[in-house]
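Novice: What follows is the file input_23.tsv, containing TSV, C-alpha atoms and all ligand atoms:
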```
chain	number	residue	atom	x	y	z
A	223	MET	CA	99.71	100.88	28.16
A	224	ASN	CA	100.59	97.65	29.91
A	225	TYR	CA	98.31	94.93	28.58
A	226	GLU	CA	99.68	92.24	30.87
A	227	PRO	CA	96.89	92.33	33.54
A	228	LEU	CA	94.22	92.36	30.84
A	229	PHE	CA	95.90	89.49	29.01
A	230	LYS	CA	96.12	87.49	32.23
A	231	ALA	CA	92.45	88.11	33.05
A	232	VAL	CA	91.37	86.97	29.58
A	233	ALA	CA	93.64	83.92	29.72
A	234	LEU	CA	92.33	83.04	33.18
A	235	THR	CA	88.71	83.28	32.06
A	236	ALA	CA	89.42	81.15	29.01
A	237	GLY	CA	91.20	78.65	31.25
A	238	LEU	CA	88.25	78.45	33.63
A	239	VAL	CA	85.77	77.93	30.83
A	240	LEU	CA	87.83	75.12	29.30
A	241	ALA	CA	88.61	73.60	32.69
A	242	GLY	CA	84.90	72.83	32.98
A	243	SER	CA	85.24	70.04	30.42
A	244	ALA	CA	88.60	68.66	31.72
A	245	TRP	CA	92.05	70.14	31.69
A	246	ALA	CA	92.59	72.47	28.79
A	247	TRP	CA	94.98	71.27	26.12
A	248	ASN	CA	96.44	74.72	25.98
A	249	GLU	CA	95.06	77.07	28.59
A	250	GLY	CA	97.81	79.61	27.98
A	251	GLY	CA	98.41	82.36	30.49
A	252	GLY	CA	100.50	81.80	33.60
A	253	GLU	CA	103.96	80.42	33.33
A	254	GLN	CA	103.68	79.36	29.70
A	255	SER	CA	103.05	82.86	28.35
A	256	GLU	CA	105.64	84.31	30.71
A	257	ALA	CA	108.31	81.89	29.46
A	258	LEU	CA	107.27	82.51	25.85
A	259	HIS	CA	107.79	86.25	26.32
A	260	ASP	CA	111.10	85.96	28.14
A	261	VAL	CA	114.22	86.12	26.01
A	262	GLY	CA	116.19	82.97	26.71
A	263	ASN	CA	119.90	83.02	27.45
A	264	PRO	CA	121.55	79.84	26.12
A	265	GLU	CA	124.55	80.16	28.46
A	266	ASP	CA	122.35	80.14	31.55
A	267	GLY	CA	120.36	77.43	29.78
A	268	LEU	CA	123.38	75.16	29.72
A	269	ASP	CA	123.46	75.15	33.54
A	270	VAL	CA	119.81	74.14	33.62
A	271	PHE	CA	120.33	71.58	30.87
A	272	GLU	CA	122.87	69.70	32.98
A	273	VAL	CA	119.92	68.45	35.04
A	274	CYS	CA	118.02	67.39	31.91
A	275	SER	CA	121.03	65.66	30.37
A	276	ALA	CA	120.89	62.92	33.02
A	277	CYS	CA	117.85	61.52	31.22
A	278	HIS	CA	117.64	63.24	27.85
A	279	MET	CA	121.42	62.78	27.32
A	280	PRO	CA	124.00	65.57	26.84
A	281	GLU	CA	123.12	65.68	23.12
A	282	GLY	CA	119.38	66.06	23.90
A	283	TRP	CA	118.76	62.94	21.84
A	284	GLY	CA	116.91	60.91	24.44
A	285	THR	CA	117.16	57.14	24.00
A	286	GLU	CA	116.33	55.05	20.96
A	287	ASP	CA	114.28	52.67	23.10
A	288	GLY	CA	111.87	55.59	23.62
A	289	THR	CA	112.19	55.80	27.41
A	290	PHE	CA	113.34	59.40	27.01
A	291	PRO	CA	112.23	61.52	24.07
A	292	GLN	CA	114.58	63.43	21.83
A	293	LEU	CA	114.36	67.16	22.65
A	294	ALA	CA	116.82	68.38	19.99
A	295	GLY	CA	114.99	69.75	16.96
A	296	GLN	CA	111.71	70.36	18.77
A	297	HIS	CA	110.17	73.84	18.43
A	298	ALA	CA	110.82	76.27	21.30
A	299	GLN	CA	107.09	76.96	21.69
A	300	VAL	CA	106.32	73.25	21.98
A	301	LEU	CA	109.11	72.64	24.51
A	302	ILE	CA	107.90	75.52	26.66
A	303	LYS	CA	104.28	74.37	26.50
A	304	GLN	CA	105.21	70.83	27.48
A	305	LEU	CA	107.47	71.99	30.32
A	306	ALA	CA	104.81	74.33	31.69
A	307	ASP	CA	102.17	71.57	31.38
A	308	ILE	CA	104.40	69.06	33.19
A	309	ARG	CA	105.10	71.56	35.98
A	310	ALA	CA	101.39	72.38	36.28
A	311	LYS	CA	100.54	68.63	36.37
A	312	ASN	CA	98.51	69.06	33.23
A	313	ARG	CA	100.64	66.25	31.71
A	314	ASP	CA	101.70	63.33	33.89
A	315	ASN	CA	105.42	62.72	34.02
A	316	PRO	CA	106.28	61.34	37.47
A	317	THR	CA	109.87	60.47	36.48
A	318	MET	CA	110.74	63.98	35.44
A	319	TYR	CA	108.41	66.02	37.65
A	320	PRO	CA	110.71	66.56	40.68
A	321	PHE	CA	113.59	67.65	38.43
A	322	ALA	CA	111.46	70.10	36.50
A	323	LEU	CA	110.14	72.03	39.49
A	324	PRO	CA	111.00	75.70	40.10
A	325	GLU	CA	112.82	74.61	43.31
A	326	SER	CA	115.27	72.56	41.27
A	327	ILE	CA	115.73	74.60	38.09
A	328	GLY	CA	114.16	78.04	38.57
A	329	ASP	CA	111.18	80.05	37.32
A	330	ALA	CA	109.80	80.88	33.86
A	331	GLN	CA	113.10	82.49	32.87
A	332	ALA	CA	114.85	79.14	33.45
A	333	LEU	CA	112.43	77.52	31.01
A	334	ALA	CA	113.17	80.17	28.38
A	335	ASP	CA	116.91	79.72	29.00
A	336	VAL	CA	117.01	75.94	28.77
A	337	VAL	CA	114.89	76.01	25.63
A	338	ALA	CA	117.22	78.59	24.05
A	339	TYR	CA	120.02	76.11	24.73
A	340	ILE	CA	118.17	73.04	23.43
A	341	GLU	CA	117.31	74.91	20.22
A	342	LYS	CA	120.98	74.97	19.26
A	343	LEU	CA	121.43	71.20	19.45
A	344	PRO	CA	121.54	69.19	16.20
A	345	MET	CA	119.29	66.12	15.99
A	346	HIS	CA	120.14	62.42	16.25
A	347	PRO	CA	120.81	61.04	12.75
A	348	GLU	CA	119.56	57.57	13.78
A	349	ASN	CA	116.33	57.86	15.73
A	350	GLY	CA	114.57	54.70	16.92
A	351	LYS	CA	112.35	53.31	14.12
A	352	GLY	CA	109.46	50.92	13.75
A	353	GLU	CA	109.86	47.45	12.23
A	354	TRP	CA	108.45	47.99	8.72
A	355	LYS	CA	110.81	49.19	5.99
A	356	LYS	CA	109.79	51.24	2.98
A	357	GLY	CA	108.07	49.00	0.43
A	358	THR	CA	106.31	46.74	2.95
A	359	PRO	CA	102.48	46.87	2.91
A	360	GLU	CA	102.45	48.14	6.51
A	361	PHE	CA	104.75	51.04	5.61
A	362	GLU	CA	102.53	52.01	2.68
A	363	GLN	CA	99.39	51.71	4.77
A	364	GLY	CA	100.99	53.93	7.45
A	365	LYS	CA	101.87	56.47	4.80
A	366	ASN	CA	98.24	56.64	3.66
A	367	LEU	CA	96.98	56.96	7.22
A	368	PHE	CA	99.45	59.79	7.75
A	369	ALA	CA	98.32	61.67	4.63
A	370	ASP	CA	94.64	61.33	5.56
A	371	ASN	CA	94.83	62.04	9.28
A	372	CYS	CA	97.97	63.87	10.31
A	373	VAL	CA	99.28	66.14	7.57
A	374	LYS	CA	96.78	68.90	8.22
A	375	CYS	CA	98.35	69.52	11.63
A	376	HIS	CA	101.82	67.97	11.63
A	377	GLY	CA	102.60	68.91	8.01
A	378	GLU	CA	103.75	66.93	4.94
A	379	ILE	CA	107.00	65.78	6.55
A	380	GLY	CA	105.99	65.98	10.20
A	381	LEU	CA	107.52	69.36	10.98
A	382	GLY	CA	104.52	70.55	13.02
A	383	MET	CA	103.44	74.18	13.42
A	384	PRO	CA	105.21	76.08	16.18
A	385	GLU	CA	102.75	78.98	16.25
A	386	LYS	CA	99.95	76.54	17.04
A	387	PHE	CA	102.03	74.38	19.42
A	388	TYR	CA	101.79	71.40	17.03
A	389	PRO	CA	104.94	69.39	17.69
A	390	ARG	CA	107.53	68.30	15.21
A	391	ILE	CA	107.30	64.50	15.04
A	392	ASN	CA	109.82	63.51	12.36
A	393	GLY	CA	113.09	62.22	13.85
A	394	GLN	CA	111.43	61.31	17.15
A	395	HIS	CA	111.89	57.80	18.57
A	396	TYR	CA	109.28	55.25	17.51
A	397	LYS	CA	108.56	53.79	20.92
A	398	TYR	CA	108.19	57.17	22.58
A	399	MET	CA	105.73	58.29	19.89
A	400	LEU	CA	103.79	55.05	20.08
A	401	ARG	CA	103.32	55.50	23.84
A	402	GLN	CA	102.24	59.12	23.44
A	403	PHE	CA	99.91	58.33	20.57
A	404	GLU	CA	98.21	55.59	22.56
A	405	TRP	CA	97.87	57.85	25.60
A	406	ILE	CA	96.40	60.62	23.45
A	407	ARG	CA	93.95	58.20	21.79
A	408	ASP	CA	92.90	56.73	25.13
A	409	GLY	CA	92.60	60.07	26.94
A	410	ARG	CA	95.57	59.53	29.24
A	411	ARG	CA	97.59	62.53	28.09
A	412	ARG	CA	95.49	65.27	29.61
A	413	ASN	CA	97.04	68.15	27.67
A	414	ALA	CA	96.33	66.44	24.34
A	415	ASN	CA	94.74	68.43	21.55
A	416	PRO	CA	91.01	67.49	21.50
A	417	ASP	CA	90.90	67.65	17.69
A	418	MET	CA	93.72	65.13	17.45
A	419	VAL	CA	91.93	62.88	19.94
A	420	LYS	CA	88.83	62.98	17.72
A	421	GLN	CA	90.84	62.39	14.56
A	422	ILE	CA	92.43	59.19	15.87
A	423	GLN	CA	89.51	57.75	17.87
A	424	GLY	CA	88.91	54.98	15.33
A	425	PHE	CA	92.56	53.88	15.10
A	426	SER	CA	93.18	50.20	15.94
A	427	ASP	CA	96.46	49.21	17.61
A	428	LYS	CA	97.72	48.03	14.22
A	429	ASP	CA	96.78	51.34	12.54
A	430	MET	CA	98.61	53.14	15.31
A	431	LYS	CA	101.78	51.08	14.82
A	432	MET	CA	101.67	51.51	11.06
A	433	VAL	CA	101.25	55.28	11.12
A	434	ILE	CA	103.93	55.78	13.79
A	435	ASN	CA	106.26	53.40	11.93
A	436	TYR	CA	105.87	55.66	8.91
A	437	VAL	CA	106.48	58.84	10.95
A	438	SER	CA	109.64	57.35	12.49
A	439	ARG	CA	110.95	56.75	8.97
A	440	ILE	CA	110.29	60.17	7.43
A	441	PRO	CA	113.73	61.50	6.47
A	442	VAL	CA	114.76	64.50	8.55
A	443	PRO	CA	116.21	67.44	6.58
A	444	LYS	CA	120.02	66.97	6.59
A	445	ASP	CA	120.86	70.39	7.97
A	446	ASN	CA	118.88	69.60	11.15
A	447	LEU	CA	121.05	66.55	11.87
A	448	ALA	CA	124.37	66.08	13.66
A	449	PRO	CA	127.19	64.99	11.30
A	450	SER	CA	127.15	61.43	12.73
A	451	ALA	CA	125.52	59.28	15.39
A	452	ASP	CA	128.85	59.42	17.28
A	453	TRP	CA	128.67	63.19	17.68
A	454	LEU	CA	129.22	64.28	21.28
A	455	ASN	CA	128.06	67.58	22.72
A	456	PRO	CA	131.30	69.58	23.17
A	457	ASP	CA	129.77	71.56	26.06
A	458	PHE	CA	129.94	68.35	28.12
A	459	ASP	CA	133.68	67.66	27.77
B	501	LIG	C1	114.68	61.77	35.59
B	501	LIG	C2	114.61	61.83	34.15
B	501	LIG	C3	114.29	63.15	33.49
B	501	LIG	C4	114.88	64.38	33.71
B	501	LIG	C5	115.98	64.73	34.71
B	501	LIG	C6	114.27	65.30	32.78
B	501	LIG	N1	113.35	64.64	32.00
B	501	LIG	FE1	112.22	65.44	30.51
B	501	LIG	N2	111.23	63.69	30.26
B	501	LIG	C7	111.52	62.53	30.93
B	501	LIG	C8	110.62	61.48	30.47
B	501	LIG	C9	110.58	60.04	30.97
B	501	LIG	C10	109.78	62.07	29.48
B	501	LIG	C11	108.67	61.39	28.69
B	501	LIG	C12	107.48	61.17	29.55
B	501	LIG	C13	106.38	60.43	28.82
B	501	LIG	O1	106.66	59.41	28.20
B	501	LIG	O2	105.25	60.91	28.86
B	501	LIG	C14	110.20	63.47	29.39
B	501	LIG	C15	109.59	64.39	28.55
B	501	LIG	C16	110.04	65.69	28.38
B	501	LIG	C17	109.45	66.65	27.46
B	501	LIG	C18	108.27	66.42	26.53
B	501	LIG	C19	108.80	66.09	25.17
B	501	LIG	C20	107.77	66.02	24.09
B	501	LIG	O3	108.16	65.68	22.97
B	501	LIG	O4	106.59	66.31	24.32
B	501	LIG	C21	110.18	67.80	27.55
B	501	LIG	C22	109.97	69.09	26.78
B	501	LIG	C23	111.22	67.56	28.52
B	501	LIG	N3	111.11	66.27	29.02
B	501	LIG	C24	112.19	68.49	28.88
B	501	LIG	C25	113.06	68.32	29.95
B	501	LIG	C26	113.95	69.36	30.41
B	501	LIG	C27	114.11	70.73	29.77
B	501	LIG	C28	114.60	68.86	31.50
B	501	LIG	C29	115.60	69.57	32.40
B	501	LIG	C30	115.12	70.74	33.06
B	501	LIG	C31	114.14	67.49	31.69
B	501	LIG	N4	113.21	67.20	30.73
B	501	LIG	C32	114.60	66.63	32.69
B	501	LIG	C33	112.51	62.35	31.89
B	501	LIG	C34	113.32	63.34	32.41
B	502	LIG	C1	94.11	68.68	14.98
B	502	LIG	C2	95.55	68.65	14.88
B	502	LIG	C3	96.24	67.31	14.99
B	502	LIG	C4	96.02	66.15	14.24
B	502	LIG	C5	94.98	65.93	13.16
B	502	LIG	C6	97.01	65.20	14.69
B	502	LIG	N1	97.77	65.75	15.69
B	502	LIG	FE1	99.27	64.82	16.69
B	502	LIG	N2	99.42	66.38	17.98
B	502	LIG	C7	98.74	67.57	17.85
B	502	LIG	C8	99.08	68.43	18.98
B	502	LIG	C9	98.59	69.83	19.22
B	502	LIG	C10	99.97	67.69	19.80
B	502	LIG	C11	100.60	68.14	21.12
B	502	LIG	C12	99.55	68.13	22.22
B	502	LIG	C13	100.07	68.70	23.52
B	502	LIG	O1	100.38	69.89	23.60
B	502	LIG	O2	100.23	67.94	24.46
B	502	LIG	C14	100.17	66.41	19.13
B	502	LIG	C15	100.99	65.40	19.61
B	502	LIG	C16	101.34	64.27	18.88
B	502	LIG	C17	102.36	63.32	19.28
B	502	LIG	C18	103.22	63.39	20.53
B	502	LIG	C19	104.44	64.21	20.22
B	502	LIG	C20	105.36	64.43	21.40
B	502	LIG	O3	106.46	64.97	21.17
B	502	LIG	O4	105.03	64.08	22.53
B	502	LIG	C21	102.42	62.37	18.27
B	502	LIG	C22	103.37	61.19	18.21
B	502	LIG	C23	101.44	62.75	17.27
B	502	LIG	N3	100.80	63.89	17.69
B	502	LIG	C24	101.20	62.03	16.12
B	502	LIG	C25	100.10	62.26	15.29
B	502	LIG	C26	99.75	61.39	14.19
B	502	LIG	C27	100.54	60.19	13.74
B	502	LIG	C28	98.57	61.89	13.68
B	502	LIG	C29	97.72	61.30	12.58
B	502	LIG	C30	97.30	59.93	12.74
B	502	LIG	C31	98.24	63.10	14.42
B	502	LIG	N4	99.18	63.28	15.40
B	502	LIG	C32	97.15	63.92	14.17
B	502	LIG	C33	97.87	67.91	16.84
B	502	LIG	C34	97.34	67.03	15.91
```
Spit out the file's structure as structure tokens when you get a sec.
Specialist:
Amino acid sequence: MNYEPLFKAVALTAGLVLAGSAWAWNEGGGEQSEALHDVGNPEDGLDVFEVCSACHMPEGWGTEDGTFPQLAGQHAQVLIKQLADIRAKNRDNPTMYPFALPESIGDAQALADVVAYIEKLPMHPENGKGEWKKGTPEFEQGKNLFADNCVKCHGEIGLGMPEKFYPRINGQHYKYMLRQFEWIRDGRRRNANPDMVKQIQGFSDKDMKMVINYVSRIPVPKDNLAPSADWLNPDFD
């Protein structure tokens, strides 16, 4: 039996119910579930990724100043969710929006393909970090805030949980995370997880900086990293 129509009907109903309160953080269905079911082809993904590389860089490392996030190392499920949300205008990203549209890169299969390509990229060994080094009171305070408020979803070392669409946050650039965290706290990132919003409601700006400083300094497992910060993606020779 083909469960697809049933699945779509259920997803649609769930989406409508949640849409009553605002946009759903993860309404599922539609393009997201289609892309999640498609098997991605990394070779076709490279063609798509050429568009992305203009901003996210050929290595997928984004920029240390946080203008563009690092994509390398992020879970496939999370990348697909974010791409589908951006295309559905469930997450505002005016800079990227025109480049992410089906007219410029293709349908759900293109999302699966580009993500299959991104998955193979090693991460930046020197992500952008906050100002407080290990041993400073602010670092320690951030570490405590992380243990009390973040570990249950993002994990002990910030690896996230792909099956629940919880992003990996270790290795990400400080300034990008700070911006996202503030938007999530203040309700400006519409696809944010409502439980995270609740969890961080009471965070002051200083708390926010301290916890993100800590996250930006969590060591990334070595085998996820490129051999050096000078590594260049050979597919872009
Ligand atoms: C014109 C520049 C630009 C292009 C081209 C672009 N992006 Fe982006 N992308 C951005 C910016 C800026 C952000 C962060 C927006 C924000 O701060 O909310 C972003 C965010 C993302 C995110 C969310 C990351 C996260 O951690 O949640 C994903 C996934 C992403 N881009 C994938 C892609 C892919 C795949 C392509 C190519 C098809 C692409 N982008 C092309 C500028 C661009
Ligand atoms: C209830 C689970 C939960 C808790 C608790 C939580 N988060 Fe999140 N977080 C999420 C989810 C889910 C997302 C992605 C939301 C989406 O799909 O847009 C996210 C997104 C983020 C992002 C943006 C990542 C990106 O790539 O754009 C940052 C940074 C972040 N969380 C940091 C934290 C920190 C720091 C804490 C603790 C102070 C925390 N989160 C607590 C679930 C949680």
Novice: So which residues are near ligand LIG 502 (chain B), meaning at most 6 Å away with only C-alpha atoms and all ligand atoms counted, given back as a list in words?
Specialist: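 The residues near ligand LIG 502 (chain B) are Phe368, Asn371, Cys372, Cys375, Phe387, Tyr388, Pro389, Ile391, Met399, Gln402, Phe403, Asn413, Ala414, Asn415, Asp417, Met418, Gln421, Ile422, Val433 and Ile434 of chain A.
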Novice: How would the residues just chosen look if you wrote them out with C-alpha atoms as a compact mmCIF listing (two decimals), in the frame of the given file?
Specialist:
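Final file, part.txt:
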```
# COMPACT_ATOMS: atom_id res chain seq x y z
CA PHE A 368 99.45 59.79 7.75
CA ASN A 371 94.83 62.04 9.28
CA CYS A 372 97.97 63.87 10.31
CA CYS A 375 98.35 69.52 11.63
CA PHE A 387 102.03 74.38 19.42
CA TYR A 388 101.79 71.40 17.03
CA PRO A 389 104.94 69.39 17.69
CA ILE A 391 107.30 64.50 15.04
CA MET A 399 105.73 58.29 19.89
CA GLN A 402 102.24 59.12 23.44
CA PHE A 403 99.91 58.33 20.57
CA ASN A 413 97.04 68.15 27.67
CA ALA A 414 96.33 66.44 24.34
CA ASN A 415 94.74 68.43 21.55
CA ASP A 417 90.90 67.65 17.69
CA MET A 418 93.72 65.13 17.45
CA GLN A 421 90.84 62.39 14.56
CA ILE A 422 92.43 59.19 15.87
CA VAL A 433 101.25 55.28 11.12
CA ILE A 434 103.93 55.78 13.79
```
Novice: Distance limit 6 Å, reference ligand LIG 501 (chain B), atoms considered: only C-alpha atoms and all ligand atoms. Which residues make the cut? Give them as a VMD selection string.
Specialist: chain A and resid 270 to 271 273 to 274 276 to 277 289 to 291 301 304 to 305 315 317 to 318 321 to 322
Novice: Limited to C-alpha atoms, could you put the picked residues into a file as an mmCIF file, keeping the file's coordinate frame?
Specialist:
```cif
data_model
loop_
_atom_site.group_PDB
_atom_site.id
_atom_site.type_symbol
_atom_site.label_atom_id
_atom_site.label_comp_id
_atom_site.auth_asym_id
_atom_site.auth_seq_id
_atom_site.Cartn_x
_atom_site.Cartn_y
_atom_site.Cartn_z
ATOM 1 C CA VAL A 270 119.810 74.140 33.620
ATOM 2 C CA PHE A 271 120.330 71.580 30.870
ATOM 3 C CA VAL A 273 119.920 68.450 35.040
ATOM 4 C CA CYS A 274 118.020 67.390 31.910
ATOM 5 C CA ALA A 276 120.890 62.920 33.020
ATOM 6 C CA CYS A 277 117.850 61.520 31.220
ATOM 7 C CA THR A 289 112.190 55.800 27.410
ATOM 8 C CA PHE A 290 113.340 59.400 27.010
ATOM 9 C CA PRO A 291 112.230 61.520 24.070
ATOM 10 C CA LEU A 301 109.110 72.640 24.510
ATOM 11 C CA GLN A 304 105.210 70.830 27.480
ATOM 12 C CA LEU A 305 107.470 71.990 30.320
ATOM 13 C CA ASN A 315 105.420 62.720 34.020
ATOM 14 C CA THR A 317 109.870 60.470 36.480
ATOM 15 C CA MET A 318 110.740 63.980 35.440
ATOM 16 C CA PHE A 321 113.590 67.650 38.430
ATOM 17 C CA ALA A 322 111.460 70.100 36.500
#
```
Novice: Can you work out the spacing between CA of Glu265 in chain A and CA of Gly282 in chain A in Å, to one decimal?
Specialist: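 Computed distance, CA of Glu265 in chain A to CA of Gly282 in chain A, equals 15.7 Å.
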Novice: Mind checking which residues fall within 6 Å of Arg390 in chain A, counting only C-alpha atoms, ignoring those fewer than 5 positions away in the same chain, and posting them as a ChimeraX atom specification?
Specialist: /A:296,380-382
Novice: Need to verify the contact set: Gly295 in chain A, 12 Å, only C-alpha atoms, exclusion of same-chain residues closer than 3 positions in sequence. Can you return it as a ChimeraX atom specification?
Specialist: /A:281-284,291-292,298-301,337-347,380-382,384,389-394,442-448
Novice: Could you tell me how far CA of Arg313 in chain A lies from CA of Arg411 in chain A, in Å and to one decimal?
Specialist: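 Here the two named atoms are 6.0 Å from each other.
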Novice: Which value, in Å to one decimal, gives the distance between CA of Glu362 in chain A and CA of Leu400 in chain A?
Specialist: 17.7 Å
